[in-house]
file data_33.txt (compact mmCIF, C-alpha atoms)
# COMPACT_ATOMS: atom_id res chain seq x y z
CA MET A 1 -46.23 184.64 -20.96
CA ASN A 2 -48.95 182.17 -19.99
CA PHE A 3 -50.15 183.59 -16.67
CA GLU A 4 -52.57 180.74 -16.06
CA ARG A 5 -49.87 178.10 -16.50
CA TYR A 6 -47.57 179.66 -13.92
CA ALA A 7 -50.24 181.05 -11.58
CA LYS A 8 -49.45 178.76 -8.63
CA GLN A 9 -45.79 179.77 -8.43
CA MET A 10 -46.47 183.40 -9.26
CA ASN A 11 -48.40 183.58 -5.99
CA ILE A 12 -45.09 183.05 -4.17
CA PRO A 13 -43.72 186.46 -3.06
CA GLU A 14 -40.33 185.87 -4.71
CA PHE A 15 -42.00 185.26 -8.07
CA GLY A 16 -44.82 187.51 -9.20
CA VAL A 17 -44.79 188.82 -12.76
CA ASP A 18 -41.24 190.20 -12.48
CA GLY A 19 -39.85 186.91 -11.23
CA GLN A 20 -41.58 184.91 -13.91
CA GLU A 21 -40.20 187.24 -16.56
CA LYS A 22 -36.71 186.68 -15.14
CA LEU A 23 -37.13 182.94 -15.56
CA GLU A 24 -38.46 183.41 -19.07
CA ASP A 25 -35.35 185.41 -19.98
CA ALA A 26 -32.93 182.99 -18.28
CA SER A 27 -30.83 180.19 -19.71
CA VAL A 28 -29.54 177.07 -17.95
CA LEU A 29 -27.14 174.43 -19.24
CA ILE A 30 -27.73 170.93 -17.85
CA ILE A 31 -24.71 168.69 -18.33
CA GLY A 32 -25.90 165.10 -18.08
CA ALA A 33 -29.32 163.87 -19.25
CA GLY A 34 -29.40 161.09 -16.66
CA GLY A 35 -31.01 160.42 -13.30
CA VAL A 36 -30.29 163.70 -11.51
CA GLY A 37 -30.57 165.61 -14.78
CA SER A 38 -34.07 164.24 -15.41
CA THR A 39 -35.48 165.98 -12.35
CA VAL A 40 -33.58 169.20 -13.03
CA MET A 41 -34.84 169.33 -16.61
CA TYR A 42 -38.48 168.74 -15.76
CA ALA A 43 -38.41 171.14 -12.79
CA LEU A 44 -36.86 173.99 -14.77
CA ALA A 45 -39.13 173.40 -17.75
CA ALA A 46 -42.17 173.34 -15.46
CA ALA A 47 -41.06 176.60 -13.85
CA GLY A 48 -40.79 178.28 -17.25
CA VAL A 49 -37.04 178.79 -17.61
CA GLY A 50 -36.86 180.21 -21.12
CA THR A 51 -33.84 178.39 -22.52
CA ILE A 52 -32.60 174.98 -21.41
CA GLY A 53 -29.46 173.51 -22.92
CA ILE A 54 -28.75 169.79 -22.55
CA ALA A 55 -25.25 168.37 -23.04
CA ASP A 56 -24.74 164.59 -23.20
CA PRO A 57 -23.05 162.37 -25.81
CA GLU A 58 -24.63 159.06 -24.77
CA ILE A 59 -27.55 156.97 -26.02
CA VAL A 60 -30.37 155.62 -23.86
CA LYS A 61 -29.63 152.12 -22.51
CA VAL A 62 -31.94 149.72 -20.72
CA ASP A 63 -30.11 150.07 -17.40
CA ASP A 64 -30.75 153.83 -17.49
CA LEU A 65 -34.48 153.37 -17.13
CA ASN A 66 -34.50 152.65 -13.38
CA ARG A 67 -33.78 156.31 -12.64
CA GLN A 68 -33.60 158.40 -15.84
CA PHE A 69 -37.33 158.96 -16.14
CA ILE A 70 -37.11 161.52 -18.91
CA HIS A 71 -36.35 158.54 -21.18
CA PHE A 72 -38.90 155.87 -22.12
CA GLU A 73 -38.56 152.31 -23.44
CA GLU A 74 -39.22 153.61 -26.95
CA ASP A 75 -36.10 155.79 -26.65
CA LEU A 76 -33.65 152.89 -26.28
CA GLY A 77 -30.73 153.44 -28.68
CA THR A 78 -31.63 157.12 -29.14
CA LEU A 79 -29.31 159.96 -28.20
CA LYS A 80 -30.22 161.16 -24.72
CA VAL A 81 -30.27 164.80 -25.82
CA THR A 82 -32.73 163.93 -28.58
CA SER A 83 -34.98 161.99 -26.22
CA ALA A 84 -34.84 164.64 -23.48
CA SER A 85 -35.34 167.57 -25.85
CA ARG A 86 -38.44 165.96 -27.34
CA LYS A 87 -40.01 165.38 -23.91
CA LEU A 88 -39.31 168.92 -22.70
CA ARG A 89 -40.77 170.48 -25.85
CA GLN A 90 -43.91 168.37 -25.45
CA PHE A 91 -44.08 169.23 -21.76
CA ASN A 92 -43.70 172.99 -22.25
CA SER A 93 -43.96 174.38 -25.76
CA LEU A 94 -43.21 177.89 -24.47
CA ILE A 95 -39.52 177.18 -23.78
CA ASN A 96 -36.48 176.85 -26.02
CA VAL A 97 -34.50 173.59 -25.73
CA ILE A 98 -30.99 173.35 -27.18
CA PRO A 99 -29.36 169.89 -27.48
CA HIS A 100 -25.57 169.54 -27.37
CA ALA A 101 -24.78 165.92 -28.31
CA VAL A 102 -21.19 166.19 -27.10
CA ALA A 103 -19.09 165.36 -24.08
CA ILE A 104 -17.99 168.55 -22.37
CA ASN A 105 -14.21 168.72 -22.52
CA LYS A 106 -11.40 171.26 -22.41
CA ASP A 107 -11.83 172.03 -26.12
CA ASN A 108 -15.52 172.99 -26.00
CA ALA A 109 -16.37 173.72 -22.36
CA TYR A 110 -15.78 177.47 -22.33
CA GLU A 111 -17.57 178.11 -25.63
CA ILE A 112 -20.69 176.17 -24.62
CA ILE A 113 -20.85 177.28 -20.97
CA ALA A 114 -20.42 180.96 -21.82
CA GLN A 115 -23.78 180.86 -23.66
CA TYR A 116 -25.72 180.23 -20.42
CA ASP A 117 -26.52 182.05 -17.18
CA ILE A 118 -25.89 179.06 -14.90
CA VAL A 119 -24.76 175.43 -15.21
CA ALA A 120 -26.19 172.29 -13.59
CA LEU A 121 -23.58 169.52 -13.62
CA ALA A 122 -25.15 166.10 -13.20
CA VAL A 123 -22.52 163.60 -14.35
CA ASN A 124 -20.15 161.28 -12.50
CA SER A 125 -17.14 161.90 -14.70
CA PHE A 126 -14.14 163.06 -12.69
CA GLN A 127 -12.64 164.71 -15.77
CA ALA A 128 -15.88 166.55 -16.59
CA LYS A 129 -16.06 168.00 -13.07
CA ILE A 130 -12.50 169.35 -13.33
CA VAL A 131 -13.05 170.84 -16.79
CA VAL A 132 -16.48 172.36 -16.03
CA ASN A 133 -15.30 173.80 -12.72
CA GLN A 134 -12.44 175.62 -14.44
CA ALA A 135 -14.55 176.82 -17.39
CA CYS A 136 -17.22 178.17 -15.03
CA TYR A 137 -14.62 180.08 -13.04
CA GLU A 138 -13.04 181.52 -16.17
CA SER A 139 -16.41 182.61 -17.57
CA GLY A 140 -17.86 183.70 -14.22
CA THR A 141 -20.76 181.28 -14.59
CA PRO A 142 -22.38 179.86 -11.42
CA LEU A 143 -22.25 176.07 -11.13
CA VAL A 144 -24.55 173.69 -9.25
CA VAL A 145 -23.20 170.15 -8.94
CA GLY A 146 -25.16 167.05 -7.97
CA SER A 147 -24.03 163.46 -7.51
CA VAL A 148 -25.71 160.28 -6.28
CA GLY A 149 -24.42 156.91 -5.11
CA GLU A 150 -26.71 154.22 -3.72
CA PHE A 151 -29.03 155.95 -1.19
CA CYS A 152 -26.72 158.95 -0.70
CA GLY A 153 -26.38 162.17 -2.64
CA THR A 154 -24.52 165.46 -2.61
CA CYS A 155 -25.10 168.97 -3.94
CA ALA A 156 -22.73 171.93 -4.09
CA PHE A 157 -23.27 175.48 -5.35
CA ILE A 158 -20.23 177.31 -6.72
CA ASP A 159 -20.48 181.05 -7.47
CA PRO A 160 -17.19 182.23 -9.00
CA ALA A 161 -17.69 185.79 -7.77
CA ASN A 162 -18.31 184.83 -4.16
CA THR A 163 -17.36 181.26 -3.24
CA PRO A 164 -14.48 178.79 -3.42
CA CYS A 165 -14.56 176.33 -6.30
CA LEU A 166 -15.24 172.63 -6.65
CA GLN A 167 -11.55 171.76 -6.52
CA CYS A 168 -11.32 173.31 -3.05
CA LEU A 169 -14.04 170.89 -1.99
CA TYR A 170 -12.70 167.71 -3.57
CA GLY A 171 -9.08 168.45 -4.45
CA THR A 172 -8.19 165.90 -7.09
CA GLU A 173 -9.76 162.97 -5.23
CA PHE A 174 -13.32 162.83 -6.49
CA PRO A 175 -15.44 159.81 -5.50
CA PRO A 176 -14.70 156.74 -7.67
CA GLU A 177 -16.81 156.29 -10.78
CA ASP A 178 -16.55 152.52 -11.13
CA LYS A 179 -18.81 151.77 -8.14
CA PHE A 180 -21.74 153.87 -9.32
CA ALA A 181 -25.19 152.57 -8.31
CA SER A 182 -28.34 154.46 -7.41
CA VAL A 183 -32.13 154.53 -7.24
CA SER A 184 -34.53 156.98 -8.84
CA SER A 185 -35.81 158.46 -5.58
CA THR A 186 -32.38 159.63 -4.41
CA ASN A 187 -31.61 161.03 -7.85
CA ALA A 188 -34.90 162.94 -7.74
CA ALA A 189 -34.18 164.31 -4.26
CA ILE A 190 -30.79 165.72 -5.27
CA GLY A 191 -32.20 167.01 -8.56
CA ALA A 192 -34.93 168.83 -6.63
CA VAL A 193 -32.38 170.54 -4.35
CA MET A 194 -30.37 171.61 -7.38
CA SER A 195 -33.47 172.91 -9.17
CA ASP A 196 -34.61 175.03 -6.24
CA ALA A 197 -31.13 176.51 -5.85
CA ILE A 198 -31.03 177.38 -9.55
CA ILE A 199 -34.50 178.95 -9.54
CA GLN A 200 -33.70 181.01 -6.44
CA TYR A 201 -30.51 182.25 -8.08
CA LEU A 202 -32.31 183.21 -11.30
CA LEU A 203 -34.95 185.11 -9.35
CA SER A 204 -32.63 187.07 -7.06
CA GLY A 205 -29.03 186.70 -8.23
CA SER A 206 -28.17 184.74 -5.09
CA SER A 207 -28.98 181.48 -3.32
CA SER A 208 -28.68 180.27 0.25
CA MET A 209 -26.93 177.21 -1.20
CA ALA A 210 -24.06 179.28 -2.65
CA GLY A 211 -20.76 178.19 -1.16
CA GLN A 212 -22.44 175.26 0.61
CA PHE A 213 -22.06 171.49 0.35
CA LEU A 214 -25.13 169.36 1.09
CA TYR A 215 -24.90 165.67 1.97
CA LEU A 216 -28.01 163.46 2.04
CA ASP A 217 -28.22 159.89 3.34
CA THR A 218 -31.76 158.59 2.99
CA ARG A 219 -30.92 155.30 4.73
CA ILE A 220 -30.77 157.12 8.05
CA ALA A 221 -32.86 160.19 7.12
CA LYS A 222 -29.87 162.49 7.57
CA MET A 223 -28.98 165.70 5.78
CA GLU A 224 -25.98 167.91 6.54
CA VAL A 225 -24.98 171.26 5.04
CA THR A 226 -21.43 172.56 5.50
CA PRO A 227 -19.58 175.55 3.98
CA ILE A 228 -17.05 174.98 1.22
CA VAL A 229 -13.72 176.24 2.54
CA GLY A 230 -11.28 177.87 0.13
CA ILE A 231 -7.71 176.64 -0.21
CA ASP A 232 -4.91 179.15 -0.83
CA THR A 233 -3.06 176.77 -3.14
CA CYS A 234 -6.07 175.92 -5.30
CA PRO A 235 -4.97 176.38 -8.93
CA ILE A 236 -8.44 177.58 -9.94
CA CYS A 237 -9.55 180.06 -7.27
CA GLY A 238 -6.65 180.23 -4.80
CA LYS A 239 -6.07 183.94 -5.41
CA GLN A 240 -9.65 184.87 -4.53
CA LYS A 241 -10.37 186.43 -1.12
CA PHE A 242 -12.45 183.67 0.44
CA ALA A 243 -12.25 181.98 3.83
CA THR A 244 -9.12 179.89 3.37
CA VAL A 245 -7.05 177.13 4.88
CA GLY A 246 -3.37 176.44 4.46
CA GLY A 247 -2.23 180.05 4.26
CA ASP A 248 -2.16 183.45 5.92
CA GLU A 249 -5.18 185.71 5.91

call {"tool": "encode", "arguments": {"input": "data_33.txt", "output": "structure tokens"}}
result
Amino acid sequence: MNFERYAKQMNIPEFGVDGQEKLEDASVLIIGAGGVGSTVMYALAAAGVGTIGIADPEIVKVDDLNRQFIHFEEDLGTLKVTSASRKLRQFNSLINVIPHAVAINKDNAYEIIAQYDIVALAVNSFQAKIVVNQACYESGTPLVVGSVGEFCGTCAFIDPANTPCLQCLYGTEFPPEDKFASVSSTNAAIGAVMSDAIIQYLLSGSSSMAGQFLYLDTRIAKMEVTPIVGIDTCPICGKQKFATVGGDE
């Protein structure tokens, strides 16, 4: 461990040597090497998370560069996982970076997710959210989800052992994907919230964000946090003993 590198955060009571060792031993899978994912990757690499997996099948395009700051102009046409992995290794040579140049789907989700302690989901794909939510519940892997549209963003923390799942929050009506537009600052804000929640979980096994849904609207400087309420009929977590609606307690 490089004590000098991490000295500033090790002065925080929750860290210390023990906390830093927990981060060094931890593994996080980031699904989506885009705008939100850029901040999550850099933040976790800076904090010294020992193993960071990156899953994304896409290449870097010119219209990614307004917000996906882990990618540079020289990376155009390169796989995003290749570009991102190279930057993280240059940024922190002490960590292990594992690229997964695939789209997460029902055939590979469980196998890949089960290799990691926690998942950060930073993609807009409706299908990916459904598949990852189910795989995380089946494997017992905590899931932090971030999304951005225009000057608004959301973050949710799902802990299969203790909270309702993503489908309880959205049902099957996720926000539309075809109207996606955003700026780098909002992506960074949501990525920062996700990163802090992940780091807190890795340090203590819990997070104040668990079971919560955060909504941010920077146009009016407004942020709201509300609990995710379980639904009895949810096909993923409906049999769990959470606070529920639509059924008897």

call {"tool": "closest_residue", "arguments": {"input": "data_33.txt", "among": "A:Gly19, A:Gly191, A:Gly32, A:Gly50", "to": "Ala103 of chain A", "atoms": "all atoms listed in the file"}}
result
A:Gly32

call {"tool": "closest_residue", "arguments": {"input": "data_33.txt", "among": "A:Ala114, A:Met10, A:Val123, A:Ala43", "to": "Pro57 of chain A", "atoms": "all atoms listed in the file"}}
result
A:Val123

call {"tool": "residues_around", "arguments": {"input": "data_33.txt", "residues": "Glu73 of chain A", "least_positions_apart": "5", "cutoff": "12 Å", "atoms": "all atoms listed in the file", "output": "number ranges by chain"}}
result
A: 60-66, 68, 78, 83

call {"tool": "residues_around", "arguments": {"input": "data_33.txt", "residues": "Ile95 of chain A", "least_positions_apart": "4", "cutoff": "7 Å", "atoms": "all atoms listed in the file", "output": "PyMOL selection string"}}
result
chain A and resi 48-51

call {"tool": "closest_atom_pairs", "arguments": {"input": "data_33.txt", "of": "segment 120-156 of chain A", "to": "segment 185-189 of chain A", "cutoff": "9 Å", "atoms": "all atoms listed in the file", "output": "Markdown table"}}
result
| residue | atom | partner | partner_atom | distance |
| --- | --- | --- | --- | --- |
| A:Gly146 | CA | A:Asn187 | CA | 8.8 |
| A:Ser147 | CA | A:Asn187 | CA | 8.0 |
| A:Val148 | CA | A:Asn187 | CA | 6.2 |
| A:Gly149 | CA | A:Thr186 | CA | 8.4 |
| A:Glu150 | CA | A:Thr186 | CA | 7.9 |
| A:Phe151 | CA | A:Thr186 | CA | 5.9 |
| A:Cys152 | CA | A:Thr186 | CA | 6.8 |
| A:Gly153 | CA | A:Thr186 | CA | 6.8 |

call {"tool": "atom_distance", "arguments": {"input": "data_33.txt", "atom1": "atom CA of Asn133 of chain A", "atom2": "atom CA of Cys165 of chain A"}}
result
6.9 Å

call {"tool": "residues_around", "arguments": {"input": "data_33.txt", "residues": "Gly171 of chain A", "least_positions_apart": "3", "cutoff": "12 Å", "atoms": "all atoms listed in the file", "output": "JSON list (two decimals) with C-alpha atoms, keeping the file's coordinate frame"}}
result
[["chain", "number", "residue", "atom", "x", "y", "z"],
["A", 126, "PHE", "CA", -14.14, 163.06, -12.69],
["A", 129, "LYS", "CA", -16.06, 168.00, -13.07],
["A", 130, "ILE", "CA", -12.50, 169.35, -13.33],
["A", 133, "ASN", "CA", -15.30, 173.80, -12.72],
["A", 164, "PRO", "CA", -14.48, 178.79, -3.42],
["A", 165, "CYS", "CA", -14.56, 176.33, -6.30],
["A", 166, "LEU", "CA", -15.24, 172.63, -6.65],
["A", 167, "GLN", "CA", -11.55, 171.76, -6.52],
["A", 168, "CYS", "CA", -11.32, 173.31, -3.05],
["A", 174, "PHE", "CA", -13.32, 162.83, -6.49],
["A", 175, "PRO", "CA", -15.44, 159.81, -5.50],
["A", 228, "ILE", "CA", -17.05, 174.98, 1.22],
["A", 229, "VAL", "CA", -13.72, 176.24, 2.54],
["A", 230, "GLY", "CA", -11.28, 177.87, 0.13],
["A", 231, "ILE", "CA", -7.71, 176.64, -0.21],
["A", 233, "THR", "CA", -3.06, 176.77, -3.14],
["A", 234, "CYS", "CA", -6.07, 175.92, -5.30],
["A", 235, "PRO", "CA", -4.97, 176.38, -8.93],
["A", 236, "ILE", "CA", -8.44, 177.58, -9.94],
["A", 237, "CYS", "CA", -9.55, 180.06, -7.27]]

call {"tool": "atom_distance", "arguments": {"input": "data_33.txt", "atom1": "atom CA of Glu58 of chain A", "atom2": "atom CA of Ile30 of chain A"}}
result
14.1 Å

call {"tool": "decode", "arguments": {"input": "data_33.txt", "residues": "segment 75-86 of chain A", "atoms": "N, CA and C atoms", "output": "PDB file, in the first residue's frame"}}
result
ATOM      1  N   ASP A  75      -8.655   8.635 -28.980  1.00  0.00           N
ATOM      2  CA  ASP A  75      -9.303   7.338 -28.756  1.00  0.00           C
ATOM      3  C   ASP A  75     -10.480   7.083 -29.701  1.00  0.00           C
ATOM      4  N   LEU A  76     -10.803   8.035 -30.556  1.00  0.00           N
ATOM      5  CA  LEU A  76     -11.931   7.854 -31.473  1.00  0.00           C
ATOM      6  C   LEU A  76     -11.753   6.568 -32.275  1.00  0.00           C
ATOM      7  N   GLY A  77     -12.831   5.751 -32.314  1.00  0.00           N
ATOM      8  CA  GLY A  77     -12.781   4.473 -33.018  1.00  0.00           C
ATOM      9  C   GLY A  77     -12.234   3.328 -32.199  1.00  0.00           C
ATOM     10  N   THR A  78     -11.771   3.618 -30.977  1.00  0.00           N
ATOM     11  CA  THR A  78     -11.225   2.592 -30.084  1.00  0.00           C
ATOM     12  C   THR A  78     -12.328   2.053 -29.175  1.00  0.00           C
ATOM     13  N   LEU A  79     -12.243   0.799 -28.807  1.00  0.00           N
ATOM     14  CA  LEU A  79     -13.182   0.266 -27.829  1.00  0.00           C
ATOM     15  C   LEU A  79     -13.112   1.089 -26.545  1.00  0.00           C
ATOM     16  N   LYS A  80     -14.265   1.409 -25.980  1.00  0.00           N
ATOM     17  CA  LYS A  80     -14.284   2.212 -24.757  1.00  0.00           C
ATOM     18  C   LYS A  80     -13.578   1.512 -23.599  1.00  0.00           C
ATOM     19  N   VAL A  81     -13.703   0.198 -23.512  1.00  0.00           N
ATOM     20  CA  VAL A  81     -13.041  -0.506 -22.406  1.00  0.00           C
ATOM     21  C   VAL A  81     -11.525  -0.453 -22.549  1.00  0.00           C
ATOM     22  N   THR A  82     -11.039  -0.443 -23.790  1.00  0.00           N
ATOM     23  CA  THR A  82      -9.600  -0.327 -24.023  1.00  0.00           C
ATOM     24  C   THR A  82      -9.107   1.057 -23.641  1.00  0.00           C
ATOM     25  N   SER A  83      -9.825   2.071 -24.109  1.00  0.00           N
ATOM     26  CA  SER A  83      -9.479   3.457 -23.785  1.00  0.00           C
ATOM     27  C   SER A  83      -9.513   3.702 -22.277  1.00  0.00           C
ATOM     28  N   ALA A  84     -10.608   3.293 -21.624  1.00  0.00           N
ATOM     29  CA  ALA A  84     -10.771   3.535 -20.194  1.00  0.00           C
ATOM     30  C   ALA A  84      -9.740   2.762 -19.372  1.00  0.00           C
ATOM     31  N   SER A  85      -9.501   1.517 -19.731  1.00  0.00           N
ATOM     32  CA  SER A  85      -8.534   0.703 -18.992  1.00  0.00           C
ATOM     33  C   SER A  85      -7.142   1.318 -19.047  1.00  0.00           C
ATOM     34  N   ARG A  86      -6.764   1.818 -20.217  1.00  0.00           N
ATOM     35  CA  ARG A  86      -5.442   2.428 -20.364  1.00  0.00           C
ATOM     36  C   ARG A  86      -5.303   3.652 -19.471  1.00  0.00           C
TER      37      ARG A  86
END
